[in-house]
$ cat run-v3.cif   # mmCIF, C-alpha atoms and all ligand atoms
data_final
loop_
_atom_site.label_atom_id
_atom_site.label_comp_id
_atom_site.auth_asym_id
_atom_site.auth_seq_id
_atom_site.Cartn_x
_atom_site.Cartn_y
_atom_site.Cartn_z
CA MET A 1 0.00 0.00 0.00
CA ILE A 2 1.20 3.52 -0.78
CA GLN A 3 2.16 5.60 2.24
CA ILE A 4 1.36 9.32 2.02
CA HIS A 5 2.74 12.07 4.22
CA CYS A 6 0.04 14.46 5.43
CA PRO A 7 1.63 17.91 5.87
CA TYR A 8 -1.01 18.87 8.44
CA CYS A 9 -0.84 15.74 10.62
CA GLY A 10 2.92 15.43 10.18
CA GLU A 11 2.53 11.67 9.80
CA THR A 12 3.10 9.24 6.95
CA LEU A 13 -0.06 7.19 6.66
CA PRO A 14 -1.71 4.52 4.53
CA GLU A 15 -3.26 5.57 1.25
CA LEU A 16 -6.65 4.28 2.45
CA GLU A 17 -7.05 7.35 4.66
CA PHE A 18 -6.69 9.66 1.65
CA ALA A 19 -8.69 10.66 -1.40
CA TYR A 20 -7.29 11.90 -4.70
CA ALA A 21 -8.68 15.27 -5.72
CA GLY A 22 -7.40 16.10 -9.20
CA GLU A 23 -4.73 18.38 -10.63
CA ALA A 24 -3.31 21.07 -8.33
CA HIS A 25 -2.71 24.80 -8.88
CA ILE A 26 -5.75 25.27 -11.14
CA VAL A 27 -6.58 28.94 -10.65
CA ARG A 28 -10.20 30.01 -10.86
CA PRO A 29 -10.53 33.07 -13.13
CA GLU A 30 -11.08 36.32 -11.22
CA SER A 31 -14.06 37.34 -13.34
CA PRO A 32 -15.91 34.32 -14.69
CA SER A 33 -18.44 36.53 -16.51
CA GLU A 34 -15.63 37.95 -18.67
CA GLN A 35 -14.53 34.50 -19.81
CA THR A 36 -15.43 33.15 -23.20
CA ASP A 37 -17.22 29.80 -23.22
CA GLU A 38 -14.02 28.18 -24.47
CA GLU A 39 -11.92 29.70 -21.67
CA TRP A 40 -14.45 28.72 -19.03
CA ALA A 41 -14.73 25.19 -20.38
CA ALA A 42 -10.94 24.91 -20.35
CA PHE A 43 -10.85 26.00 -16.71
CA LEU A 44 -13.55 23.52 -15.77
CA PHE A 45 -12.57 20.50 -17.78
CA LEU A 46 -9.16 20.58 -19.44
CA ARG A 47 -6.32 19.00 -17.50
CA ASP A 48 -2.74 18.15 -18.43
CA ASN A 49 -2.99 14.36 -17.90
CA VAL A 50 0.71 14.22 -17.13
CA LYS A 51 2.77 11.09 -17.59
CA GLY A 52 5.47 11.41 -14.95
CA PRO A 53 5.74 13.95 -12.11
CA HIS A 54 2.31 15.43 -11.55
CA PHE A 55 1.19 18.30 -9.29
CA GLU A 56 -2.02 17.10 -7.72
CA ARG A 57 -4.40 17.61 -4.82
CA TRP A 58 -5.14 15.04 -2.14
CA ARG A 59 -7.44 15.13 0.83
CA HIS A 60 -6.78 13.43 4.16
CA ALA A 61 -10.40 12.33 4.08
CA HIS A 62 -10.36 9.87 6.98
CA GLY A 63 -7.99 11.96 9.10
CA CYS A 64 -7.62 15.70 9.53
CA GLY A 65 -9.94 16.30 6.56
CA ARG A 66 -7.58 18.78 4.90
CA PHE A 67 -6.81 19.23 1.22
CA PHE A 68 -3.10 19.46 0.42
CA ASN A 69 -0.87 19.29 -2.64
CA ALA A 70 1.56 16.63 -3.76
CA VAL A 71 3.97 15.86 -6.56
CA ARG A 72 3.55 12.23 -7.55
CA ASN A 73 5.03 10.31 -10.44
CA THR A 74 2.05 8.91 -12.33
CA ILE A 75 4.18 6.07 -13.71
CA THR A 76 5.81 4.84 -10.50
CA ASP A 77 3.33 6.25 -7.92
CA ARG A 78 6.29 7.71 -6.06
CA PHE A 79 5.52 10.84 -4.02
CA TYR A 80 8.34 13.39 -4.26
CA ILE A 81 6.78 15.83 -1.81
CA THR A 82 3.52 16.84 -0.16
CA TYR A 83 2.87 20.41 0.99
CA LYS A 84 0.09 22.46 2.53
CA ALA A 85 -2.58 24.09 0.38
CA GLY A 86 -1.65 27.68 -0.42
CA GLU A 87 2.08 27.03 -0.31
CA PRO A 88 4.01 27.87 -3.50
CA ARG A 89 4.48 25.28 -6.19
CA PRO A 90 7.89 23.65 -5.61
CA ASP A 91 10.51 23.82 -8.35
CA LEU A 92 10.21 20.51 -10.18
CA ALA A 93 13.78 20.29 -11.51
CA LYS A 94 15.19 20.91 -8.03
CA LEU A 95 12.74 18.42 -6.51
CA LEU A 96 13.69 15.67 -8.95
CA GLU A 97 17.39 16.37 -8.40
CA GLU A 98 16.93 16.10 -4.61
CA SER A 99 14.92 12.91 -4.93
CA LYS A 100 17.58 11.03 -6.88
CA MET B 1 -21.24 -13.58 26.55
CA SER B 2 -21.71 -11.88 23.26
CA LYS B 3 -24.82 -10.05 22.37
CA HIS B 4 -25.79 -8.89 18.94
CA ILE B 5 -26.66 -5.22 18.90
CA SER B 6 -29.88 -4.39 17.23
CA SER B 7 -30.21 -1.14 19.13
CA LEU B 8 -27.43 1.19 20.18
CA ALA B 9 -28.06 0.88 23.90
CA PRO B 10 -25.03 0.46 26.15
CA SER B 11 -24.32 -3.25 26.27
CA VAL B 12 -21.60 -5.84 25.93
CA VAL B 13 -20.86 -6.64 22.29
CA VAL B 14 -18.49 -9.51 22.87
CA ASP B 15 -16.37 -10.84 25.71
CA THR B 16 -13.57 -13.27 24.92
CA ALA B 17 -10.15 -14.08 26.35
CA ALA B 18 -8.66 -11.84 23.64
CA ALA B 19 -10.79 -8.74 24.04
CA HIS B 20 -13.89 -7.31 25.64
CA VAL B 21 -16.01 -4.91 23.58
CA ALA B 22 -18.89 -2.85 24.95
CA VAL B 23 -21.00 0.14 23.96
CA THR B 24 -20.38 2.86 26.54
CA PRO B 25 -23.08 4.90 28.29
CA MET B 26 -24.20 7.99 26.38
CA THR B 27 -21.98 11.04 26.67
CA GLY B 28 -22.29 14.59 25.40
CA ARG B 29 -20.34 15.41 22.25
CA ILE B 30 -19.53 18.73 20.63
CA SER B 31 -17.78 19.37 17.35
CA LEU B 32 -15.84 22.64 17.45
CA ARG B 33 -14.24 24.51 14.57
CA ALA B 34 -12.29 27.64 15.45
CA ARG B 35 -9.30 29.78 14.55
CA GLY B 36 -7.63 32.68 16.27
CA ASP B 37 -7.62 33.15 20.01
CA LEU B 38 -7.76 29.53 21.11
CA ALA B 39 -6.66 30.46 24.61
CA ALA B 40 -9.94 32.35 25.09
CA ILE B 41 -11.88 29.23 24.09
CA GLY B 42 -9.83 27.09 26.44
CA LYS B 43 -10.58 29.50 29.25
CA ALA B 44 -14.30 29.49 28.47
CA ILE B 45 -14.68 25.73 28.44
CA GLY B 46 -12.19 25.07 31.22
CA VAL B 47 -9.72 22.96 29.26
CA SER B 48 -7.09 24.32 26.91
CA LEU B 49 -7.33 23.18 23.31
CA PRO B 50 -4.39 21.06 22.12
CA THR B 51 -3.03 22.36 18.81
CA GLN B 52 -1.28 19.26 17.54
CA ILE B 53 -3.45 16.79 15.63
CA GLY B 54 -4.07 13.63 17.65
CA ILE B 55 -3.26 15.19 21.02
CA CYS B 56 -5.87 15.12 23.79
CA ALA B 57 -6.55 17.16 26.91
CA LYS B 58 -8.78 16.41 29.86
CA THR B 59 -10.21 18.20 32.91
CA ASP B 60 -13.23 17.72 35.12
CA GLY B 61 -14.82 15.12 32.93
CA ILE B 62 -14.36 17.13 29.70
CA GLU B 63 -12.12 15.49 27.11
CA VAL B 64 -10.84 17.23 24.01
CA VAL B 65 -9.05 15.85 20.99
CA CYS B 66 -7.55 17.91 18.20
CA LEU B 67 -8.69 16.31 14.92
CA GLY B 68 -7.55 18.92 12.41
CA PRO B 69 -5.74 22.26 12.23
CA ASP B 70 -8.95 24.03 13.29
CA GLU B 71 -11.12 21.17 14.49
CA TRP B 72 -11.75 19.59 17.87
CA THR B 73 -14.18 17.10 19.37
CA LEU B 74 -15.24 17.64 22.96
CA LEU B 75 -16.62 14.83 25.10
CA VAL B 76 -18.69 16.43 27.81
CA PRO B 77 -20.73 14.85 30.62
CA LEU B 78 -24.42 15.20 29.77
CA ASP B 79 -25.08 17.42 32.79
CA GLN B 80 -22.35 19.87 31.72
CA ILE B 81 -23.13 20.19 28.05
CA GLU B 82 -25.42 23.21 28.36
CA LYS B 83 -22.81 25.01 30.43
CA VAL B 84 -20.12 24.41 27.81
CA GLN B 85 -22.44 25.43 24.99
CA GLY B 86 -23.35 28.58 26.90
CA ALA B 87 -19.71 29.48 27.47
CA LEU B 88 -18.93 29.06 23.78
CA ALA B 89 -22.02 31.01 22.71
CA THR B 90 -20.93 33.93 24.90
CA LEU B 91 -17.64 34.02 22.99
CA ALA B 92 -19.22 33.89 19.55
CA PRO B 93 -19.61 37.66 18.94
CA SER B 94 -15.92 38.36 19.55
CA LEU B 95 -14.59 35.06 18.31
CA PRO B 96 -16.69 33.57 15.51
CA HIS B 97 -16.55 29.78 15.52
CA SER B 98 -18.68 26.77 14.75
CA MET B 99 -20.06 24.69 17.57
CA THR B 100 -22.28 21.74 16.79
CA GLU B 101 -23.67 19.34 19.28
CA ILE B 102 -23.21 15.84 17.89
CA THR B 103 -24.25 13.83 20.94
CA GLY B 104 -26.81 11.87 18.98
CA ARG B 105 -24.62 11.27 15.98
CA GLU B 106 -22.21 8.78 17.49
CA ILE B 107 -21.80 5.94 19.90
CA THR B 108 -18.60 4.71 21.45
CA PHE B 109 -17.20 1.19 21.67
CA GLN B 110 -14.82 0.44 24.48
CA ILE B 111 -12.28 -2.22 23.56
CA GLU B 112 -10.14 -3.75 26.27
CA GLY B 113 -8.15 -6.90 26.79
CA PRO B 114 -4.76 -8.45 26.09
CA HIS B 115 -5.38 -8.44 22.33
CA ALA B 116 -7.22 -5.12 22.05
CA ALA B 117 -4.46 -3.66 19.84
CA ASP B 118 -4.56 -6.72 17.57
CA LEU B 119 -8.31 -6.33 17.30
CA MET B 120 -7.84 -2.70 16.20
CA SER B 121 -5.35 -3.81 13.57
CA ILE B 122 -7.87 -6.07 11.79
CA GLY B 123 -9.84 -3.04 10.58
CA CYS B 124 -7.48 -0.08 10.81
CA PRO B 125 -4.85 0.39 8.08
CA ARG B 126 -2.67 2.49 10.41
CA ASP B 127 0.16 1.12 12.46
CA ILE B 128 -1.67 1.06 15.81
CA SER B 129 1.61 1.50 17.70
CA THR B 130 1.89 5.05 16.33
CA ILE B 131 -1.12 6.03 18.44
CA LYS B 132 0.44 6.59 21.84
CA VAL B 133 -1.36 6.09 25.13
CA GLY B 134 -3.37 9.22 25.88
CA GLN B 135 -3.70 10.18 22.21
CA ALA B 136 -6.48 9.77 19.66
CA ARG B 137 -6.79 9.86 15.88
CA ARG B 138 -9.49 10.07 13.32
CA THR B 139 -8.88 7.15 11.01
CA LEU B 140 -10.60 4.27 9.25
CA PHE B 141 -11.95 1.02 10.65
CA ASP B 142 -13.29 -1.56 8.22
CA GLY B 143 -14.26 1.17 5.77
CA ALA B 144 -15.91 3.57 8.20
CA THR B 145 -14.44 6.80 9.56
CA VAL B 146 -13.91 6.52 13.31
CA VAL B 147 -12.10 8.37 16.07
CA LEU B 148 -9.84 5.99 17.94
CA TRP B 149 -8.75 6.89 21.46
CA ARG B 150 -5.96 4.95 23.14
CA ASP B 151 -6.47 5.04 26.91
CA ALA B 152 -3.85 2.38 27.74
CA GLU B 153 -1.69 -0.11 25.87
CA THR B 154 -4.61 -2.55 25.85
CA SER B 155 -7.56 -0.18 26.12
CA PHE B 156 -9.21 1.79 23.31
CA ARG B 157 -12.38 3.73 22.64
CA MET B 158 -13.81 3.99 19.16
CA ASP B 159 -16.32 6.75 18.34
CA VAL B 160 -18.46 5.73 15.37
CA TRP B 161 -21.41 7.22 13.55
CA ASN B 162 -24.69 5.53 14.40
CA SER B 163 -25.33 4.16 10.95
CA PHE B 164 -22.03 2.24 10.99
CA ALA B 165 -22.40 0.96 14.55
CA PRO B 166 -24.12 -2.41 13.97
CA PHE B 167 -21.73 -3.22 11.13
CA LEU B 168 -18.63 -2.32 13.14
CA ALA B 169 -19.98 -4.18 16.16
CA SER B 170 -20.20 -7.32 14.08
CA THR B 171 -16.64 -6.81 12.77
CA LEU B 172 -15.38 -6.39 16.34
CA GLU B 173 -17.34 -9.42 17.51
CA THR B 174 -15.97 -11.65 14.75
CA GLY B 175 -12.44 -10.36 15.32
CA ALA B 176 -12.53 -10.85 19.08
CA LYS B 177 -13.77 -14.42 18.63
CA GLU B 178 -11.13 -15.24 16.03
CA LEU B 179 -8.34 -13.81 18.15
CA ALA B 180 -9.60 -15.84 21.10
CA ALA B 181 -9.74 -18.97 18.93
CA GLU B 182 -6.06 -18.46 18.09
CA LEU B 183 -5.27 -18.44 21.80
CA ALA B 184 -7.07 -21.67 22.45
ZN ZN A 201 -3.91 14.92 7.93
#

$ encode --input "run-v3.cif" --output "structure tokens" --more "lines below"
Ligand SMILES: [Zn+2]
Amino acid sequence: MIQIHCPYCGETLPELEFAYAGEAHIVRPESPSEQTDEEWAAFLFLRDNVKGPHFERWRHAHGCGRFFNAVRNTITDRFYITYKAGEPRPDLAKLLEESK
Amino acid sequence: MSKHISSLAPSVVVDTAAAHVAVTPMTGRISLRARGDLAAIGKAIGVSLPTQIGICAKTDGIEVVCLGPDEWTLLVPLDQIEKVQGALATLAPSLPHSMTEITGREITFQIEGPHAADLMSIGCPRDISTIKVGQARRTLFDGATVVLWRDAETSFRMDVWNSFAPFLASTLETGAKELAAELA
């Protein structure tokens, strides 16, 4: 079973306590009414579907209940890092270098 | 002697050489969400709020566990619940927070015995040894969200939502019997 580190609980815990919640760092447009239909549809539906290191949201659903962000390799399922919601997106090149 | 629970009344669920499981008498429960001046809340309710997830505090019959960065569950004796609610309500204008009485939402199983920790491990994916005596965690037991309190090495309490209670009681009953059969 995958073990995931919750940045709020400070513990590394079984995957079963967590729920995947889609791609991370998707920014909601400031003024939705000024968006074209295409732009709005892209915000709602279009995702990168990354093969490899992926910035994504998780929720510690059966624990503290918090959403947080993670970088996970979608091929190997390896988690490079997890960090609290609202924290800046880590530099991927640096992260991969450190994780070697 | 084991007894199948069809109601949620306090009763013995199962009693074997491995573990004893019972539904505890009803207690008051409050779910509290708050940020900011936590010391003021602690003062109002008479027990300071722990700020690390999983850590508990206890005074005068009131028990608190920190379940999230801004979330606590309070176990309060039934005759004190109005007093605690009143104290929190008085604070609300200066310190907005969410207080919900959840007394009727949950029941508690008490699990004791030489193999109580083994019984917890049949349904909980966590390493039970990471929950230290005197701590509690919200986690999973056989698919249902529960709050697991560890009162001693071989003594636990499990708070569960009513709708899951009969199902979890049967899991605990089966587990306690199987663990006892291994001893025999
Ligand atoms: Zn957590």

$ residues_around --input "run-v3.cif" --residues "segment 51-68 of chain A" --least-positions-apart "4" --cutoff "9 Å" --atoms "only C-alpha atoms" --output "PyMOL selection string"
(chain A and resi 6-9+16-25+72-80+82-86+89+92+96) or (chain B and resi 53+66-69+71+137-140+144-147)

$ atom_distance --input "run-v3.cif" --atom1 "atom CA of Lys83 of chain B" --atom2 "atom CA of Thr100 of chain B"
14.0 Å

$ closest_residue --input "run-v3.cif" --among "A:Asn69, A:Ile2, A:Pro88, A:Arg28" --to "ligand ZN 201 (chain A)" --atoms "all atoms listed in the file"
A:Asn69

$ atom_distance --input "run-v3.cif" --atom1 "atom CA of Ala39 of chain B" --atom2 "atom CA of Glu87 of chain A"
26.6 Å

$ residues_near_point --input "run-v3.cif" --point "(-23.5, 28.4, 26.4)" --cutoff "12 Å" --atoms "all atoms listed in the file" --output "JSON, numbers by chain"
{"B": [30, 41, 44, 45, 80, 81, 82, 83, 84, 85, 86, 87, 88, 89, 90, 91, 92, 99, 100, 101]}

$ residues_around --input "run-v3.cif" --residues "segment 128-131 of chain B" --least-positions-apart "5" --cutoff "7 Å" --atoms "all atoms listed in the file" --output "list in words"
Ala117, Ser121, Ala136 and Arg150 of chain B

$ atom_distance --input "run-v3.cif" --atom1 "atom CA of Leu148 of chain B" --atom2 "atom CA of Gln110 of chain B"
9.9 Å

$ closest_residue --input "run-v3.cif" --among "A:Glu15, A:Asp48, A:Glu39, A:Glu97" --to "ligand ZN 201 (chain A)" --atoms "only C-alpha atoms and all ligand atoms"
A:Glu15

$ residues_around --input "run-v3.cif" --residues "Met26 of chain B" --least-positions-apart "6" --cutoff "12 Å" --atoms "all atoms listed in the file" --output "number ranges by chain"
B: 8-11, 75-79, 102-109, 159

$ closest_residue --input "run-v3.cif" --among "A:Glu11, A:Asp91, A:Glu98, A:Glu38" --to "chain B" --atoms "all atoms listed in the file"
A:Glu11
